[in-house]
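Enquirer: Sharing structure-v5.cif, mmCIF, C-alpha atoms:
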```
data_my_file
loop_
_atom_site.label_atom_id
_atom_site.label_comp_id
_atom_site.auth_asym_id
_atom_site.auth_seq_id
_atom_site.Cartn_x
_atom_site.Cartn_y
_atom_site.Cartn_z
CA MET A 1 15.08 9.49 -12.14
CA SER A 2 14.62 6.65 -14.56
CA LYS A 3 13.63 7.41 -18.15
CA GLU A 4 11.14 5.36 -20.13
CA THR A 5 12.76 4.09 -23.32
CA LYS A 6 10.05 1.78 -24.62
CA ASP A 7 6.94 2.69 -26.60
CA LYS A 8 4.81 0.92 -24.01
CA PRO A 9 5.76 1.34 -20.34
CA GLU A 10 6.36 -1.68 -18.14
CA GLU A 11 3.76 -2.94 -15.75
CA MET A 12 4.59 -1.72 -12.25
CA ALA A 13 4.82 -4.99 -10.31
CA SER A 14 6.92 -6.78 -12.92
CA PHE A 15 9.18 -3.73 -13.33
CA PHE A 16 10.19 -3.87 -9.66
CA ASP A 17 10.13 -7.65 -9.41
CA LEU A 18 12.83 -7.75 -12.09
CA ARG A 19 14.93 -5.10 -10.36
CA ALA A 20 14.50 -6.02 -6.69
CA ALA A 21 17.96 -7.58 -6.27
CA GLY A 22 19.76 -4.47 -7.50
CA TYR A 23 17.33 -1.82 -6.28
CA GLU A 24 19.33 -0.65 -3.27
CA ASP A 25 22.54 -0.31 -5.29
CA HIS A 26 20.61 1.66 -7.89
CA MET A 27 19.28 4.07 -5.29
CA GLN A 28 22.76 4.59 -3.84
CA GLU A 29 23.95 5.56 -7.31
CA THR A 30 20.91 7.79 -7.92
CA ILE A 31 20.86 9.81 -4.68
CA ASN A 32 24.11 11.63 -3.91
CA SER A 33 23.44 11.94 -0.18
CA PHE A 34 21.89 8.48 0.01
CA THR A 35 22.41 7.78 3.74
CA GLN A 36 21.45 11.29 4.81
CA TYR A 37 18.37 11.18 2.63
CA TYR A 38 16.92 7.99 4.06
CA ALA A 39 17.93 8.93 7.60
CA THR A 40 16.11 12.25 7.21
CA VAL A 41 12.85 10.45 6.42
CA ALA A 42 12.72 9.40 10.09
CA VAL A 43 13.67 12.79 11.57
CA PRO A 44 10.06 13.92 12.24
CA ILE A 45 9.54 10.81 14.37
CA PRO A 46 10.76 11.59 17.90
CA HIS A 47 12.81 9.09 19.87
CA THR A 48 10.32 6.89 21.66
CA THR A 49 9.96 3.39 23.07
CA GLU A 50 6.22 3.45 22.48
CA PRO A 51 4.80 1.00 19.91
CA ILE A 52 3.83 3.75 17.48
CA SER A 53 2.04 2.73 14.30
CA VAL A 54 3.59 3.54 10.92
CA LEU A 55 2.21 2.90 7.43
CA ASP A 56 4.89 2.69 4.71
CA LEU A 57 3.47 3.06 1.20
CA GLY A 58 5.49 1.63 -1.68
CA CYS A 59 7.98 0.39 0.88
CA GLY A 60 10.15 -1.48 -1.63
CA THR A 61 13.07 -3.17 0.13
CA GLY A 62 12.55 -1.07 3.25
CA LEU A 63 15.52 1.29 2.97
CA GLU A 64 13.94 3.78 5.39
CA LEU A 65 13.03 1.18 8.02
CA ARG A 66 16.49 1.13 9.56
CA TRP A 67 16.13 4.77 10.51
CA ILE A 68 12.53 4.49 11.65
CA PHE A 69 13.49 1.71 14.04
CA ALA A 70 16.44 3.80 15.26
CA GLN A 71 13.94 6.48 16.30
CA ALA A 72 11.22 4.11 17.52
CA PRO A 73 12.59 0.61 18.22
CA ASN A 74 9.17 -0.74 19.20
CA ALA A 75 7.31 0.70 16.24
CA LYS A 76 4.70 -1.42 14.47
CA LEU A 77 4.96 -1.06 10.70
CA THR A 78 2.52 -1.89 7.95
CA CYS A 79 4.48 -2.07 4.71
CA VAL A 80 2.61 -2.06 1.40
CA ASP A 81 4.16 -2.75 -1.99
CA VAL A 82 2.94 -4.21 -5.26
CA SER A 83 6.20 -6.13 -5.86
CA GLU A 84 6.52 -9.58 -4.30
CA ASN A 85 10.28 -9.65 -4.83
CA MET A 86 10.85 -6.27 -3.18
CA LEU A 87 8.93 -7.46 -0.13
CA LYS A 88 11.00 -10.64 -0.01
CA VAL A 89 14.18 -8.55 0.21
CA LEU A 90 12.64 -6.48 3.01
CA GLN A 91 11.59 -9.61 4.87
CA ARG A 92 15.11 -11.06 4.71
CA THR A 93 16.71 -7.82 5.83
CA TYR A 94 14.41 -7.36 8.82
CA ARG A 95 13.75 -11.00 9.71
CA GLU A 96 14.63 -10.27 13.36
CA ARG A 97 11.78 -7.76 13.51
CA CYS A 98 9.19 -9.91 11.77
CA ASP A 99 6.83 -9.54 14.74
CA GLN A 100 6.84 -5.76 14.22
CA ILE A 101 6.30 -5.71 10.47
CA ARG A 102 3.11 -6.53 8.59
CA LEU A 103 3.74 -7.04 4.87
CA ILE A 104 0.98 -6.33 2.36
CA GLN A 105 1.52 -7.24 -1.29
CA ASP A 106 -0.97 -5.01 -3.05
CA SER A 107 -1.35 -1.69 -4.80
CA TYR A 108 -1.78 0.99 -2.15
CA VAL A 109 -4.19 2.67 -4.56
CA ARG A 110 -6.62 -0.20 -3.95
CA TRP A 111 -5.66 -1.31 -0.44
CA PRO A 112 -7.79 0.35 2.28
CA PHE A 113 -5.86 2.39 4.85
CA GLY A 114 -8.68 2.71 7.37
CA GLN A 115 -9.38 5.76 9.52
CA ASP A 116 -7.40 7.13 12.49
CA GLN A 117 -5.06 4.14 12.33
CA TYR A 118 -1.49 5.47 12.13
CA ASP A 119 0.77 7.90 13.97
CA TYR A 120 2.83 8.35 10.81
CA VAL A 121 2.47 7.53 7.15
CA VAL A 122 5.61 7.55 5.01
CA SER A 123 6.31 7.10 1.32
CA VAL A 124 9.69 7.30 -0.38
CA MET A 125 10.32 7.49 -4.13
CA THR A 126 6.91 6.22 -5.16
CA MET A 127 4.34 9.02 -5.51
CA HIS A 128 5.92 10.36 -8.70
CA HIS A 129 4.13 7.61 -10.63
CA PHE A 130 0.76 9.36 -10.28
CA VAL A 131 -0.82 12.37 -11.95
CA SER A 132 -2.18 15.18 -9.80
CA GLU A 133 -5.81 14.12 -9.45
CA ASP A 134 -4.78 10.64 -8.37
CA LYS A 135 -2.26 12.01 -5.90
CA VAL A 136 -5.02 14.09 -4.32
CA ALA A 137 -7.17 10.98 -3.90
CA LEU A 138 -4.25 9.17 -2.25
CA TYR A 139 -3.49 12.13 0.01
CA LYS A 140 -7.11 12.21 1.16
CA LYS A 141 -6.85 8.50 2.06
CA ILE A 142 -3.64 9.21 3.95
CA ARG A 143 -5.14 12.11 5.88
CA GLN A 144 -8.09 9.96 6.93
CA ALA A 145 -5.75 7.15 7.99
CA LEU A 146 -3.68 9.38 10.28
CA LYS A 147 -4.54 9.63 13.95
CA PRO A 148 -5.23 13.15 15.27
CA GLY A 149 -1.89 14.96 15.31
CA GLY A 150 -0.33 12.41 12.95
CA GLN A 151 2.07 13.35 10.16
CA TYR A 152 2.70 12.27 6.59
CA ILE A 153 6.34 12.17 5.45
CA GLU A 154 7.07 11.97 1.73
CA GLY A 155 10.39 11.64 -0.05
CA ASP A 156 10.21 12.06 -3.79
CA TYR A 157 11.40 13.80 -6.92
CA VAL A 158 10.53 17.47 -7.39
CA VAL A 159 11.15 19.10 -10.75
CA SER A 160 10.88 22.50 -12.42
CA PRO A 161 7.52 23.57 -13.87
CA GLU A 162 8.97 23.19 -17.36
CA LYS A 163 10.13 19.63 -16.75
CA GLU A 164 6.85 18.84 -15.05
CA ARG A 165 4.95 19.81 -18.22
CA GLU A 166 7.31 17.81 -20.45
CA LEU A 167 7.01 14.65 -18.35
CA LEU A 168 3.25 14.95 -18.11
CA GLU A 169 2.99 15.24 -21.88
CA THR A 170 5.15 12.13 -22.25
CA TYR A 171 2.97 10.33 -19.71
CA TRP A 172 -0.20 10.88 -21.74
CA GLN A 173 1.54 9.90 -24.95
CA LEU A 174 2.67 6.62 -23.37
CA CYS A 175 -0.46 5.75 -21.45
CA GLY A 176 -3.40 7.74 -22.74
CA ASP A 177 -6.48 6.56 -20.85
CA ASP A 178 -5.00 3.10 -20.21
CA GLN A 179 -5.42 3.12 -16.43
CA ALA A 180 -1.94 4.46 -15.70
CA ASP A 181 -3.66 6.62 -13.11
CA GLU A 182 -4.07 3.52 -10.95
CA GLY A 183 -0.34 2.96 -10.85
CA LEU A 184 -0.42 0.03 -13.25
CA TYR A 185 2.57 1.22 -15.25
CA HIS A 186 6.02 2.50 -14.42
CA VAL A 187 6.01 6.09 -15.69
CA ASP A 188 7.55 9.13 -13.97
CA VAL A 189 5.37 12.22 -13.56
CA PRO A 190 6.86 14.19 -10.63
CA CYS A 191 5.44 17.58 -9.68
CA SER A 192 6.96 20.99 -9.20
CA LEU A 193 7.13 22.14 -5.58
CA GLU A 194 4.34 24.68 -6.01
CA VAL A 195 1.98 22.08 -7.49
CA GLN A 196 2.93 19.64 -4.73
CA LYS A 197 1.93 22.20 -2.09
CA GLN A 198 -1.38 22.81 -3.86
CA LEU A 199 -2.16 19.10 -3.96
CA PHE A 200 -1.71 18.78 -0.22
CA GLU A 201 -3.92 21.81 0.37
CA THR A 202 -6.61 20.35 -1.89
CA ALA A 203 -6.44 17.08 0.07
CA GLY A 204 -7.06 18.96 3.33
CA PHE A 205 -3.59 19.18 4.86
CA GLN A 206 -2.92 22.55 6.51
CA HIS A 207 0.80 22.54 7.31
CA PHE A 208 3.64 21.82 4.85
CA TYR A 209 7.40 22.12 5.24
CA VAL A 210 10.46 20.94 3.36
CA LEU A 211 12.83 18.80 5.40
CA PHE A 212 15.44 17.94 2.76
CA GLU A 213 16.38 19.35 -0.63
CA GLU A 214 19.21 18.30 -2.92
CA GLY A 215 18.78 18.65 -6.65
CA GLU A 216 15.51 16.92 -7.53
CA HIS A 217 15.44 14.89 -4.31
CA PHE A 218 13.13 16.30 -1.64
CA ILE A 219 11.58 15.25 1.64
CA TYR A 220 8.57 17.16 2.95
CA VAL A 221 6.16 16.75 5.84
CA VAL A 222 2.47 17.59 6.08
CA LYS A 223 -0.13 17.45 8.80
#
```
Before anything else, please render the file you have as structure tokens.
Expert:
Amino acid sequence: MSKETKDKPEEMASFFDLRAAGYEDHMQETINSFTQYYATVAVPIPHTTEPISVLDLGCGTGLELRWIFAQAPNAKLTCVDVSENMLKVLQRTYRERCDQIRLIQDSYVRWPFGQDQYDYVVSVMTMHHFVSEDKVALYKKIRQALKPGGQYIEGDYVVSPEKERELLETYWQLCGDDQADEGLYHVDVPCSLEVQKQLFETAGFQHFYVLFEEGEHFIYVVK
């Protein structure tokens, strides 16, 4: 997990625009079981030739798309990210599937998801930029956007309760009331597993299970 070293955190879009070219190398260095991790994101999606609909929040360069298409080669993906440069990398990588991918350059906090639109919603290494109340609001949007029987798959950092408190204190020191809750700034505030479960329950999800766990890197599924 990256550490903030400046007095004022960087704005989210520019942070990732500057790092888009080296993002995938960075993630390979950060996650020990890099390939297994991103492959596991797609495990809840059964093999199908149906044109299932998938919403990818904070998609970045699309590291998980390879595995989603392996499970569902005819899937239709809506990929949302605030960084123009990250989306450009994704577009180059998956140019042969351009008819299956809709790219949205926007904050997924603001962008409307709709209702009963998607078979699956996924997010990988992005939700740790939000404090609990804002996560709940996002999770409610996700739940509404899922079709009946749909699932939300999240890969993210999970930390100890002690580290959670320390990072949250740092967050408020850096951002105060300066709209960091809307994802404007790059600050890490991951949750403990128990808090993460509670947030999903508050948002109305009834079933939660952990799919992957290695150090602070987790993947969990809710429906």
Enquirer: Applied to this file, what does the PyMOL selection byres ((chain A and resi 79) around 12) return in terms of residues, put as a PyMOL selection string?
Expert: chain A and resi 53-65+76-78+80-84+86-88+90-91+94+98+100-108+111+113+121-124
Enquirer: Just give me the gap between atom CA of A:Glu213 and atom CA of A:Ile52 in Å, one decimal is fine.
Expert: 27.0 Å
Enquirer: Tell me which of A:Val221, A:Leu168, A:Ile142, A:Ala20 sits closest to A:Ile45, counting only C-alpha atoms.
Expert: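 Closest residue, counting only C-alpha atoms: A:Val221.
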Enquirer: Which one is closest to A:Tyr157: A:Glu201, A:Asp188, A:Asp25, A:Asp134? Count all atoms listed in the file.
Expert: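 Among the listed residues, the smallest separation from A:Tyr157 belongs to A:Asp188.
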Enquirer: For atom CA of A:Tyr185 and atom CA of A:Leu138, quote the distance in Å rounded to one decimal.
Expert: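 Distance between the two atoms: 16.7 Å.
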Enquirer: Starting from the shown file, work through the PyMOL selection byres ((chain A and resi 149) around 12) and note down what comes out as a ChimeraX atom specification.
Expert: /A:116-121,143-148,150-152,205-207,222-223
Enquirer: So that I can see what lies close to A:Tyr38, please list as a list in words the residues with an atom at most 8 Å from it, counting all atoms listed in the file and leaving out residues fewer than 3 positions away in the same chain.
Expert: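 The neighbour list is Phe34, Thr35, Val41, Ala42, Leu63, Glu64 and Trp67 of chain A.
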Enquirer: Extract, using only C-alpha atoms, all DNA, RNA and protein residues at most 10 Å from A:Ala137, discarding same-chain residues fewer than 6 positions from it, and format them as a ChimeraX atom specification.
Expert: /A:109,199,202-203
Enquirer: Running the PyMOL selection byres ((chain A and resi 212) around 9) on this model by hand, what would come out? Give it as a PyMOL selection string.
Expert: chain A and resi 37+40-41+155+210-211+213-214+217-220
Enquirer: Using atom CA of A:Met125 and atom CA of A:Asp156 as the two end points, give the distance in Å to one decimal.
Expert: 4.6 Å
Enquirer: Select, from A:Arg95, A:Leu184, A:Gln173, A:Gly204, the residue with the minimum atom-to-atom distance to A:Lys140, counting all atoms listed in the file.
Expert: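 Ranking A:Arg95, A:Leu184, A:Gln173, A:Gly204 by distance to A:Lys140, first place goes to A:Gly204.
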Enquirer: Taking (2.8, 8.7, -9.7) as a centre in this file's frame and 10 Å as the limit, can you find every polymer residue with an atom that close, using all atoms listed in the file, and give them as a short mmCIF file (atom, residue, chain, number, x, y, z; two decimals) with C-alpha atoms, in the frame of the given file?
Expert:
```cif
data_model
loop_
_atom_site.label_atom_id
_atom_site.label_comp_id
_atom_site.auth_asym_id
_atom_site.auth_seq_id
_atom_site.Cartn_x
_atom_site.Cartn_y
_atom_site.Cartn_z
CA MET A 125 10.32 7.49 -4.13
CA THR A 126 6.91 6.22 -5.16
CA MET A 127 4.34 9.02 -5.51
CA HIS A 128 5.92 10.36 -8.70
CA HIS A 129 4.13 7.61 -10.63
CA PHE A 130 0.76 9.36 -10.28
CA VAL A 131 -0.82 12.37 -11.95
CA SER A 132 -2.18 15.18 -9.80
CA ASP A 134 -4.78 10.64 -8.37
CA LYS A 135 -2.26 12.01 -5.90
CA ALA A 180 -1.94 4.46 -15.70
CA ASP A 181 -3.66 6.62 -13.11
CA GLU A 182 -4.07 3.52 -10.95
CA GLY A 183 -0.34 2.96 -10.85
CA LEU A 184 -0.42 0.03 -13.25
CA TYR A 185 2.57 1.22 -15.25
CA HIS A 186 6.02 2.50 -14.42
CA VAL A 187 6.01 6.09 -15.69
CA ASP A 188 7.55 9.13 -13.97
CA VAL A 189 5.37 12.22 -13.56
CA PRO A 190 6.86 14.19 -10.63
CA CYS A 191 5.44 17.58 -9.68
#
```
Enquirer: Which residue gives the smallest distance to A:Glu50 among A:His26, A:Ala75, A:Gln36, A:Phe15, with all atoms listed in the file counted?
Expert: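 Using all atoms listed in the file, A:Glu50 sits closest to A:Ala75.
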Enquirer: When you count all atoms listed in the file, which of these residues is closest to A:Pro161: A:Cys175, A:Val136, A:Ala21, A:Leu193?
Expert: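 Between A:Cys175, A:Val136, A:Ala21, A:Leu193, the residue approaching A:Pro161 most closely is A:Leu193.
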Enquirer: With only C-alpha atoms as the atoms that count, which of A:Ala39, A:Gln71, A:Leu18, A:Ser192 lies nearest to A:Lys163?
Expert: A:Ser192
